[in-house]
Every structure is written in structure tokens, then in C-alpha cells.
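K.L.:
Got a structure for you, questions after.
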Amino acid sequence: METQMIKNCDFREDGQGTVSVAAAPPDMLGIAMQWRIRGAEAQDAFCCLELTIQPDCGVPRHHHDYVESFYVLEGKIRLEIQDGTTSRVVDCLPGDAVSVPAGAQHSFFNPIAAAARLLSISIPKHEMFFDAIVDADHAAPFSELPQSEIMRRLALIGNKTSTFFAEPK
């Protein structure tokens, strides 16, 4: 039997691959996101989201009750992790992988002048946050809001989906 590599596809009954139709979260805060593998496509074992982060942009400090791992594809990502009393900053380059423990506060940021790309790998529960963002964007597009309002809406969505953002420093 010949094995075929299928990128971001699933199989129909006729054996032909089809591109996943999962709605990508909207671009916001200088970050574009695209699902690579949804939980349902991986028998609910994990999910994988690709993020393209523009220079001087990133994801604010937050935490959730599950592990999240990152794999850098391109550029540089500065990842800050605080787990209890331990705090560390890790500069990640292409090929680097880092896992953030469940419950640890973490943020990541692109500190260079070119876009960075990374994969976020987690459990399917992580999808609830992004799916709620897609729904909220349909109701009132994030693209029409100032950054402070985007963060307010993300915090509200996070509170409902177990992704908790820290107060800005």
C-alpha cells in the first residue's frame, strides 16, 4: 500500500483529498492564523495552528490548564514563561521547539524586523478559544476595532473558554 502525504486535507469516501474548511481566526494584533490540523482530524489527540507574527507584535501573557508547545518555522520568537516562582525568557529560532506547562503564564513576541512563523500545538480544547473568536468576528469584525477593544473582547472570550489573559503590566 502506498502512503501519501496529505497537507491540511482529509479524505472523502471516494479516497480523494479535500482541503480542510475550518474557519481561520481573523487577523488581529499583527497576527495571522491558519489551522493546520484540527482535533477532529487527529482523532481528538491534538490540534495545530500556524501563526504568522508581524514585527513588534505578539500574544499577551495568558494561561490555560493544558500544555501548549511551539515550533518555530521562520524568524525569531521571544517566549516568556512564568511557572510558579520560576520565570524565563527564551529566544527561539527556526527548528526550536518549546513546551509550556499547563497553567504557566506565557506570552510570545516577534522582536525582529521580519515576519515570524510558528506552530502552536495543543489539545483540541484549545480550539474553543479560536472558534469563539471566529464567531465574535462574524458578529462584529475585529478589523474595525482599536487594539484596546480587541484585547477586551479577547479577555471576555478567554474567560468563557478557559484561556485567561493577565492584566497588562
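Ligands are numbered from 1 in the order shown, residues from 1 within each chain, and chains are lettered A, B, ... in the order they appear in the C-alpha cells.
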List as a PyMOL selection string the protein and nucleic acid residues near His106 (chain A), meaning an atom at most 7 Å away when only C-alpha atoms are counted, but skip any in the same chain fewer than 6 places from it.

P.N.:
chain A and resi 61-63+80-82

K.L.:
Would you write out those residues with all heavy atoms, as an mmCIF file, in the first residue's frame?

P.N.:
data_model
loop_
_atom_site.group_PDB
_atom_site.id
_atom_site.type_symbol
_atom_site.label_atom_id
_atom_site.label_comp_id
_atom_site.auth_asym_id
_atom_site.auth_seq_id
_atom_site.Cartn_x
_atom_site.Cartn_y
_atom_site.Cartn_z
ATOM 1 N N ARG A 61 0.476 37.995 27.698
ATOM 2 C CA ARG A 61 0.593 36.997 28.756
ATOM 3 C C ARG A 61 -0.782 36.405 29.083
ATOM 4 O O ARG A 61 -1.752 37.134 29.285
ATOM 5 C CB ARG A 61 1.208 37.661 29.988
ATOM 6 C CG ARG A 61 1.736 36.710 31.008
ATOM 7 C CD ARG A 61 2.680 37.410 31.984
ATOM 8 N NE ARG A 61 2.196 38.700 32.424
ATOM 9 C CZ ARG A 61 1.713 38.944 33.632
ATOM 10 N NH1 ARG A 61 1.639 37.992 34.530
ATOM 11 N NH2 ARG A 61 1.305 40.160 33.950
ATOM 12 N N HIS A 62 -0.823 35.072 29.123
ATOM 13 C CA HIS A 62 -2.053 34.345 29.406
ATOM 14 C C HIS A 62 -1.702 32.949 29.928
ATOM 15 O O HIS A 62 -0.533 32.559 29.922
ATOM 16 C CB HIS A 62 -2.928 34.246 28.141
ATOM 17 C CG HIS A 62 -2.312 33.438 27.059
ATOM 18 N ND1 HIS A 62 -1.280 33.901 26.260
ATOM 19 C CD2 HIS A 62 -2.568 32.180 26.627
ATOM 20 C CE1 HIS A 62 -0.932 32.964 25.390
ATOM 21 N NE2 HIS A 62 -1.695 31.906 25.594
ATOM 22 N N HIS A 63 -2.715 32.219 30.343
ATOM 23 C CA HIS A 63 -2.506 30.828 30.742
ATOM 24 C C HIS A 63 -3.781 30.023 30.488
ATOM 25 O O HIS A 63 -4.860 30.586 30.320
ATOM 26 C CB HIS A 63 -2.083 30.719 32.212
ATOM 27 C CG HIS A 63 -3.175 30.989 33.183
ATOM 28 N ND1 HIS A 63 -3.548 32.259 33.548
ATOM 29 C CD2 HIS A 63 -3.993 30.148 33.870
ATOM 30 C CE1 HIS A 63 -4.539 32.195 34.424
ATOM 31 N NE2 HIS A 63 -4.835 30.930 34.632
ATOM 32 N N GLU A 80 8.168 34.158 26.725
ATOM 33 C CA GLU A 80 8.320 34.370 28.160
ATOM 34 C C GLU A 80 7.390 33.402 28.878
ATOM 35 O O GLU A 80 6.208 33.314 28.551
ATOM 36 C CB GLU A 80 7.980 35.810 28.534
ATOM 37 C CG GLU A 80 8.927 36.814 27.916
ATOM 38 C CD GLU A 80 8.667 38.238 28.372
ATOM 39 O OE1 GLU A 80 8.169 38.440 29.504
ATOM 40 O OE2 GLU A 80 8.965 39.154 27.585
ATOM 41 N N ILE A 81 7.954 32.678 29.851
ATOM 42 C CA ILE A 81 7.191 31.672 30.588
ATOM 43 C C ILE A 81 7.385 31.916 32.077
ATOM 44 O O ILE A 81 8.517 32.039 32.550
ATOM 45 C CB ILE A 81 7.660 30.243 30.240
ATOM 46 C CG1 ILE A 81 7.591 29.995 28.738
ATOM 47 C CG2 ILE A 81 6.840 29.201 31.009
ATOM 48 C CD1 ILE A 81 8.286 28.726 28.301
ATOM 49 N N GLN A 82 6.286 31.979 32.809
ATOM 50 C CA GLN A 82 6.345 32.067 34.268
ATOM 51 C C GLN A 82 5.522 30.922 34.826
ATOM 52 O O GLN A 82 4.308 30.853 34.607
ATOM 53 C CB GLN A 82 5.819 33.396 34.781
ATOM 54 C CG GLN A 82 5.967 33.504 36.286
ATOM 55 C CD GLN A 82 5.620 34.878 36.810
ATOM 56 O OE1 GLN A 82 5.278 35.774 36.066
ATOM 57 N NE2 GLN A 82 5.713 35.030 38.102
#

K.L.:
Do you know which residues are at most 12 Å from Pro146 (chain A) counting only C-alpha atoms, after dropping those on the same chain fewer than 6 positions away, and could you put them as a VMD selection string?

P.N.:
chain A and resid 28 to 29 152 to 153

K.L.:
Dump all heavy atoms for the selected residues as a PDB file, in the first residue's frame?

P.N.:
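Full text of part.pdb as output:
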ATOM      1  N   MET A  28      -5.437  39.691  13.562  1.00  0.00           N
ATOM      2  CA  MET A  28      -5.570  40.767  14.542  1.00  0.00           C
ATOM      3  C   MET A  28      -4.290  40.870  15.343  1.00  0.00           C
ATOM      4  O   MET A  28      -3.531  39.902  15.447  1.00  0.00           O
ATOM      5  CB  MET A  28      -6.765  40.548  15.453  1.00  0.00           C
ATOM      6  CG  MET A  28      -6.688  39.316  16.286  1.00  0.00           C
ATOM      7  SD  MET A  28      -8.209  39.113  17.198  1.00  0.00           S
ATOM      8  CE  MET A  28      -8.279  37.358  17.222  1.00  0.00           C
ATOM      9  N   LEU A  29      -4.048  42.039  15.876  1.00  0.00           N
ATOM     10  CA  LEU A  29      -2.862  42.316  16.683  1.00  0.00           C
ATOM     11  C   LEU A  29      -1.579  41.971  15.935  1.00  0.00           C
ATOM     12  O   LEU A  29      -0.583  41.598  16.532  1.00  0.00           O
ATOM     13  CB  LEU A  29      -2.920  41.561  18.023  1.00  0.00           C
ATOM     14  CG  LEU A  29      -4.145  41.796  18.896  1.00  0.00           C
ATOM     15  CD1 LEU A  29      -4.109  40.882  20.115  1.00  0.00           C
ATOM     16  CD2 LEU A  29      -4.225  43.256  19.328  1.00  0.00           C
ATOM     17  N   ARG A 152      -9.962  43.628  25.051  1.00  0.00           N
ATOM     18  CA  ARG A 152     -11.106  43.479  25.956  1.00  0.00           C
ATOM     19  C   ARG A 152     -11.976  42.308  25.509  1.00  0.00           C
ATOM     20  O   ARG A 152     -12.379  41.461  26.310  1.00  0.00           O
ATOM     21  CB  ARG A 152     -11.927  44.769  26.000  1.00  0.00           C
ATOM     22  CG  ARG A 152     -13.031  44.747  27.065  1.00  0.00           C
ATOM     23  CD  ARG A 152     -13.963  45.933  26.944  1.00  0.00           C
ATOM     24  NE  ARG A 152     -14.864  45.813  25.794  1.00  0.00           N
ATOM     25  CZ  ARG A 152     -15.907  44.984  25.729  1.00  0.00           C
ATOM     26  NH1 ARG A 152     -16.200  44.204  26.734  1.00  0.00           N
ATOM     27  NH2 ARG A 152     -16.667  44.931  24.647  1.00  0.00           N
ATOM     28  N   ARG A 153     -12.250  42.237  24.199  1.00  0.00           N
ATOM     29  CA  ARG A 153     -13.069  41.146  23.675  1.00  0.00           C
ATOM     30  C   ARG A 153     -12.372  39.795  23.819  1.00  0.00           C
ATOM     31  O   ARG A 153     -12.999  38.795  24.159  1.00  0.00           O
ATOM     32  CB  ARG A 153     -13.416  41.398  22.199  1.00  0.00           C
ATOM     33  CG  ARG A 153     -14.461  42.487  22.028  1.00  0.00           C
ATOM     34  CD  ARG A 153     -14.778  42.744  20.583  1.00  0.00           C
ATOM     35  NE  ARG A 153     -15.565  41.660  20.006  1.00  0.00           N
ATOM     36  CZ  ARG A 153     -15.781  41.519  18.703  1.00  0.00           C
ATOM     37  NH1 ARG A 153     -15.274  42.397  17.850  1.00  0.00           N
ATOM     38  NH2 ARG A 153     -16.501  40.533  18.251  1.00  0.00           N
TER      39      ARG A 153
END

K.L.:
With distances taken over only C-alpha atoms, which of A:Pro60, A:Pro101, A:Gly95, A:Pro111 is nearest to Arg78 (chain A)?

P.N.:
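So, comparing all the options, the nearest one is A:Pro111.
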
K.L.:
I need the residue nearest Ser162 (chain A) from this list: A:Ser120, A:Arg88, A:Tyr66, A:Pro55. Use only C-alpha atoms for the distance.

P.N.:
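Nearest to Ser162 (chain A): A:Tyr66.
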
K.L.:
My list of candidates is A:Ile112, A:Val59, A:Cys47, A:Leu79. Which is closest to Ala32 (chain A) when distances are computed with only C-alpha atoms?

P.N.:
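Closest to Ala32 (chain A) of all the choices is A:Val59.
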
K.L.:
If you run DSSP on the backbone here, which positions in region 63-160 of chain A get strand (DSSP E or B)? Please write them as an mmCIF file with N, CA, C and O atoms, in the first residue's frame.

P.N.:
data_model
loop_
_atom_site.group_PDB
_atom_site.id
_atom_site.type_symbol
_atom_site.label_atom_id
_atom_site.label_comp_id
_atom_site.auth_asym_id
_atom_site.auth_seq_id
_atom_site.Cartn_x
_atom_site.Cartn_y
_atom_site.Cartn_z
ATOM 1 N N HIS A 63 -2.715 32.219 30.343
ATOM 2 C CA HIS A 63 -2.506 30.828 30.742
ATOM 3 C C HIS A 63 -3.781 30.023 30.488
ATOM 4 O O HIS A 63 -4.860 30.586 30.320
ATOM 5 N N HIS A 64 -3.605 28.718 30.449
ATOM 6 C CA HIS A 64 -4.715 27.776 30.322
ATOM 7 C C HIS A 64 -4.298 26.489 31.016
ATOM 8 O O HIS A 64 -3.126 26.333 31.379
ATOM 9 N N GLU A 68 0.887 23.717 26.004
ATOM 10 C CA GLU A 68 0.932 24.241 24.638
ATOM 11 C C GLU A 68 2.395 24.211 24.216
ATOM 12 O O GLU A 68 3.271 24.636 24.962
ATOM 13 N N SER A 69 2.643 23.682 23.033
ATOM 14 C CA SER A 69 4.005 23.601 22.516
ATOM 15 C C SER A 69 4.122 24.456 21.273
ATOM 16 O O SER A 69 3.154 24.638 20.528
ATOM 17 N N PHE A 70 5.322 24.981 21.061
ATOM 18 C CA PHE A 70 5.589 25.852 19.925
ATOM 19 C C PHE A 70 6.776 25.319 19.142
ATOM 20 O O PHE A 70 7.754 24.849 19.730
ATOM 21 N N TYR A 71 6.677 25.409 17.824
ATOM 22 C CA TYR A 71 7.766 25.038 16.928
ATOM 23 C C TYR A 71 7.963 26.197 15.956
ATOM 24 O O TYR A 71 7.026 26.550 15.219
ATOM 25 N N VAL A 72 9.138 26.799 15.966
ATOM 26 C CA VAL A 72 9.402 27.968 15.120
ATOM 27 C C VAL A 72 9.779 27.518 13.712
ATOM 28 O O VAL A 72 10.690 26.703 13.525
ATOM 29 N N LEU A 73 9.067 28.052 12.733
ATOM 30 C CA LEU A 73 9.308 27.746 11.326
ATOM 31 C C LEU A 73 10.223 28.765 10.667
ATOM 32 O O LEU A 73 11.046 28.418 9.818
ATOM 33 N N GLU A 74 10.054 30.034 11.052
ATOM 34 C CA GLU A 74 10.765 31.126 10.367
ATOM 35 C C GLU A 74 10.867 32.316 11.309
ATOM 36 O O GLU A 74 9.942 32.592 12.081
ATOM 37 N N ILE A 77 11.243 34.184 17.689
ATOM 38 C CA ILE A 77 10.163 34.394 18.654
ATOM 39 C C ILE A 77 10.773 34.476 20.046
ATOM 40 O O ILE A 77 11.573 33.616 20.423
ATOM 41 N N ARG A 78 10.401 35.497 20.783
ATOM 42 C CA ARG A 78 10.801 35.614 22.188
ATOM 43 C C ARG A 78 9.626 35.116 23.029
ATOM 44 O O ARG A 78 8.560 35.719 23.021
ATOM 45 N N LEU A 79 9.841 34.024 23.711
ATOM 46 C CA LEU A 79 8.815 33.383 24.523
ATOM 47 C C LEU A 79 9.138 33.630 25.995
ATOM 48 O O LEU A 79 10.264 33.382 26.442
ATOM 49 N N GLU A 80 8.168 34.158 26.725
ATOM 50 C CA GLU A 80 8.320 34.370 28.160
ATOM 51 C C GLU A 80 7.390 33.402 28.878
ATOM 52 O O GLU A 80 6.208 33.314 28.551
ATOM 53 N N ILE A 81 7.954 32.678 29.851
ATOM 54 C CA ILE A 81 7.191 31.672 30.588
ATOM 55 C C ILE A 81 7.385 31.916 32.077
ATOM 56 O O ILE A 81 8.517 32.039 32.550
ATOM 57 N N GLN A 82 6.286 31.979 32.809
ATOM 58 C CA GLN A 82 6.345 32.067 34.268
ATOM 59 C C GLN A 82 5.522 30.922 34.826
ATOM 60 O O GLN A 82 4.308 30.853 34.607
ATOM 61 N N ASP A 83 6.202 30.025 35.525
ATOM 62 C CA ASP A 83 5.567 28.852 36.106
ATOM 63 C C ASP A 83 5.838 28.888 37.603
ATOM 64 O O ASP A 83 6.937 28.581 38.048
ATOM 65 N N THR A 86 9.210 30.479 39.045
ATOM 66 C CA THR A 86 10.245 30.392 38.013
ATOM 67 C C THR A 86 9.807 31.181 36.786
ATOM 68 O O THR A 86 8.696 31.000 36.283
ATOM 69 N N SER A 87 10.703 32.051 36.322
ATOM 70 C CA SER A 87 10.417 32.851 35.124
ATOM 71 C C SER A 87 11.594 32.723 34.178
ATOM 72 O O SER A 87 12.750 32.742 34.614
ATOM 73 N N ARG A 88 11.304 32.582 32.903
ATOM 74 C CA ARG A 88 12.396 32.510 31.922
ATOM 75 C C ARG A 88 11.967 33.141 30.611
ATOM 76 O O ARG A 88 10.786 33.192 30.273
ATOM 77 N N VAL A 89 12.955 33.631 29.891
ATOM 78 C CA VAL A 89 12.767 34.186 28.556
ATOM 79 C C VAL A 89 13.607 33.342 27.616
ATOM 80 O O VAL A 89 14.797 33.110 27.869
ATOM 81 N N VAL A 90 12.988 32.867 26.549
ATOM 82 C CA VAL A 90 13.664 32.002 25.591
ATOM 83 C C VAL A 90 13.548 32.626 24.209
ATOM 84 O O VAL A 90 12.436 32.917 23.755
ATOM 85 N N ASP A 91 14.675 32.873 23.559
ATOM 86 C CA ASP A 91 14.663 33.326 22.171
ATOM 87 C C ASP A 91 14.722 32.093 21.289
ATOM 88 O O ASP A 91 15.682 31.314 21.359
ATOM 89 N N CYS A 92 13.699 31.886 20.481
ATOM 90 C CA CYS A 92 13.561 30.688 19.659
ATOM 91 C C CYS A 92 13.787 31.026 18.193
ATOM 92 O O CYS A 92 13.235 32.008 17.684
ATOM 93 N N ALA A 97 11.909 24.128 19.443
ATOM 94 C CA ALA A 97 10.608 23.738 19.988
ATOM 95 C C ALA A 97 10.628 23.957 21.496
ATOM 96 O O ALA A 97 11.633 23.690 22.149
ATOM 97 N N VAL A 98 9.524 24.477 22.027
ATOM 98 C CA VAL A 98 9.394 24.734 23.462
ATOM 99 C C VAL A 98 7.993 24.317 23.889
ATOM 100 O O VAL A 98 7.019 24.613 23.203
ATOM 101 N N SER A 99 7.904 23.653 25.035
ATOM 102 C CA SER A 99 6.598 23.314 25.616
ATOM 103 C C SER A 99 6.375 24.159 26.857
ATOM 104 O O SER A 99 7.266 24.309 27.683
ATOM 105 N N VAL A 100 5.180 24.698 26.962
ATOM 106 C CA VAL A 100 4.772 25.499 28.111
ATOM 107 C C VAL A 100 3.902 24.612 28.990
ATOM 108 O O VAL A 100 2.898 24.068 28.528
ATOM 109 N N GLN A 105 1.904 30.931 33.033
ATOM 110 C CA GLN A 105 1.705 32.182 32.299
ATOM 111 C C GLN A 105 2.730 32.208 31.160
ATOM 112 O O GLN A 105 3.895 31.869 31.371
ATOM 113 N N HIS A 106 2.295 32.608 29.981
ATOM 114 C CA HIS A 106 3.239 32.709 28.870
ATOM 115 C C HIS A 106 2.777 33.765 27.871
ATOM 116 O O HIS A 106 1.596 34.109 27.801
ATOM 117 N N SER A 107 3.756 34.297 27.155
ATOM 118 C CA SER A 107 3.495 35.247 26.078
ATOM 119 C C SER A 107 4.581 35.035 25.041
ATOM 120 O O SER A 107 5.628 34.446 25.333
ATOM 121 N N PHE A 108 4.325 35.498 23.837
ATOM 122 C CA PHE A 108 5.378 35.442 22.824
ATOM 123 C C PHE A 108 5.279 36.646 21.919
ATOM 124 O O PHE A 108 4.221 37.251 21.756
ATOM 125 N N PHE A 109 6.431 36.992 21.343
ATOM 126 C CA PHE A 109 6.608 38.271 20.677
ATOM 127 C C PHE A 109 7.641 38.111 19.573
ATOM 128 O O PHE A 109 8.601 37.360 19.722
ATOM 129 N N ALA A 116 7.600 36.439 11.523
ATOM 130 C CA ALA A 116 7.988 35.142 12.074
ATOM 131 C C ALA A 116 6.807 34.192 11.924
ATOM 132 O O ALA A 116 5.653 34.615 11.938
ATOM 133 N N ARG A 117 7.117 32.910 11.762
ATOM 134 C CA ARG A 117 6.068 31.894 11.659
ATOM 135 C C ARG A 117 6.357 30.780 12.650
ATOM 136 O O ARG A 117 7.501 30.358 12.811
ATOM 137 N N LEU A 118 5.298 30.313 13.314
ATOM 138 C CA LEU A 118 5.454 29.220 14.245
ATOM 139 C C LEU A 118 4.191 28.390 14.285
ATOM 140 O O LEU A 118 3.127 28.833 13.851
ATOM 141 N N LEU A 119 4.351 27.178 14.794
ATOM 142 C CA LEU A 119 3.211 26.298 15.019
ATOM 143 C C LEU A 119 2.907 26.275 16.503
ATOM 144 O O LEU A 119 3.819 26.216 17.329
ATOM 145 N N SER A 120 1.635 26.332 16.835
ATOM 146 C CA SER A 120 1.144 26.130 18.195
ATOM 147 C C SER A 120 0.465 24.768 18.200
ATOM 148 O O SER A 120 -0.470 24.541 17.436
ATOM 149 N N ILE A 121 0.951 23.870 19.055
ATOM 150 C CA ILE A 121 0.421 22.511 19.113
ATOM 151 C C ILE A 121 -0.139 22.298 20.511
ATOM 152 O O ILE A 121 0.554 22.532 21.509
ATOM 153 N N SER A 122 -1.390 21.876 20.581
ATOM 154 C CA SER A 122 -2.042 21.731 21.872
ATOM 155 C C SER A 122 -3.128 20.667 21.778
ATOM 156 O O SER A 122 -3.167 19.899 20.819
#

K.L.:
Could you pull out all residues of region 1-152 of chain A with a DSSP call of helix (DSSP H, G or I) and give them as a list in words?

P.N.:
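Here are the helix (DSSP H, G or I) residues of region 1-152 of chain A: Gly39, Ala40, Glu41, Ala42, His126, Glu127, Met128, Phe129, Phe130, Asp131, Ala132, Ile133, Val134, Asp135, Ala136, Asp137, His138, Ala139, Phe142, Ser143, Glu144, Gln147, Ser148, Glu149, Ile150, Met151 and Arg152 of chain A.
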
K.L.:
Would you put the residues from that selection into a file with N, CA and C atoms, as a compact mmCIF listing (two decimals), in the first residue's frame?

P.N.:
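Just written: selection-v6.txt:
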# COMPACT_ATOMS: atom_id res chain seq x y z
N GLY A 39 -8.55 19.15 15.89
CA GLY A 39 -8.63 17.96 16.73
C GLY A 39 -9.37 16.82 16.07
N ALA A 40 -10.48 17.12 15.41
CA ALA A 40 -11.27 16.07 14.76
C ALA A 40 -10.47 15.36 13.66
N GLU A 41 -9.53 16.06 13.06
CA GLU A 41 -8.70 15.48 12.01
C GLU A 41 -7.58 14.61 12.58
N ALA A 42 -7.36 14.71 13.91
CA ALA A 42 -6.31 13.94 14.58
C ALA A 42 -6.90 13.04 15.66
N HIS A 126 -8.15 23.70 23.11
CA HIS A 126 -7.60 25.00 22.71
C HIS A 126 -8.40 25.61 21.55
N GLU A 127 -9.01 24.76 20.75
CA GLU A 127 -9.80 25.23 19.60
C GLU A 127 -11.00 26.06 20.02
N MET A 128 -11.55 25.79 21.20
CA MET A 128 -12.75 26.52 21.65
C MET A 128 -12.50 28.03 21.66
N PHE A 129 -11.34 28.44 22.13
CA PHE A 129 -10.99 29.86 22.18
C PHE A 129 -11.01 30.46 20.77
N PHE A 130 -10.34 29.81 19.84
CA PHE A 130 -10.25 30.34 18.48
C PHE A 130 -11.58 30.27 17.74
N ASP A 131 -12.35 29.22 17.98
CA ASP A 131 -13.67 29.14 17.36
C ASP A 131 -14.58 30.25 17.86
N ALA A 132 -14.48 30.58 19.16
CA ALA A 132 -15.28 31.68 19.71
C ALA A 132 -14.85 33.02 19.11
N ILE A 133 -13.56 33.16 18.81
CA ILE A 133 -13.08 34.38 18.14
C ILE A 133 -13.71 34.50 16.75
N VAL A 134 -13.75 33.39 16.02
CA VAL A 134 -14.36 33.39 14.68
C VAL A 134 -15.82 33.82 14.78
N ASP A 135 -16.55 33.26 15.75
CA ASP A 135 -17.96 33.63 15.93
C ASP A 135 -18.10 35.11 16.28
N ALA A 136 -17.25 35.61 17.18
CA ALA A 136 -17.32 37.02 17.58
C ALA A 136 -16.98 37.94 16.41
N ASP A 137 -16.04 37.51 15.57
CA ASP A 137 -15.65 38.31 14.41
C ASP A 137 -16.81 38.44 13.42
N HIS A 138 -17.59 37.37 13.28
CA HIS A 138 -18.76 37.44 12.40
C HIS A 138 -19.78 38.44 12.92
N ALA A 139 -19.92 38.49 14.24
CA ALA A 139 -20.89 39.40 14.86
C ALA A 139 -20.44 40.86 14.77
N PHE A 142 -13.26 42.17 14.14
CA PHE A 142 -12.13 42.68 14.91
C PHE A 142 -11.35 43.73 14.12
N SER A 143 -11.35 43.62 12.80
CA SER A 143 -10.58 44.54 11.96
C SER A 143 -11.05 45.99 12.09
N GLU A 144 -12.24 46.18 12.60
CA GLU A 144 -12.79 47.53 12.73
C GLU A 144 -12.59 48.12 14.13
N GLN A 147 -6.96 48.37 19.21
CA GLN A 147 -6.30 47.28 19.92
C GLN A 147 -6.86 47.09 21.33
N SER A 148 -7.15 48.17 22.03
CA SER A 148 -7.67 48.04 23.40
C SER A 148 -9.00 47.29 23.42
N GLU A 149 -9.86 47.55 22.43
CA GLU A 149 -11.15 46.86 22.36
C GLU A 149 -10.97 45.40 21.94
N ILE A 150 -10.01 45.14 21.06
CA ILE A 150 -9.71 43.75 20.68
C ILE A 150 -9.30 42.97 21.92
N MET A 151 -8.39 43.56 22.73
CA MET A 151 -7.94 42.86 23.93
C MET A 151 -9.08 42.66 24.93
N ARG A 152 -9.96 43.63 25.05
CA ARG A 152 -11.11 43.48 25.96
C ARG A 152 -11.98 42.31 25.51
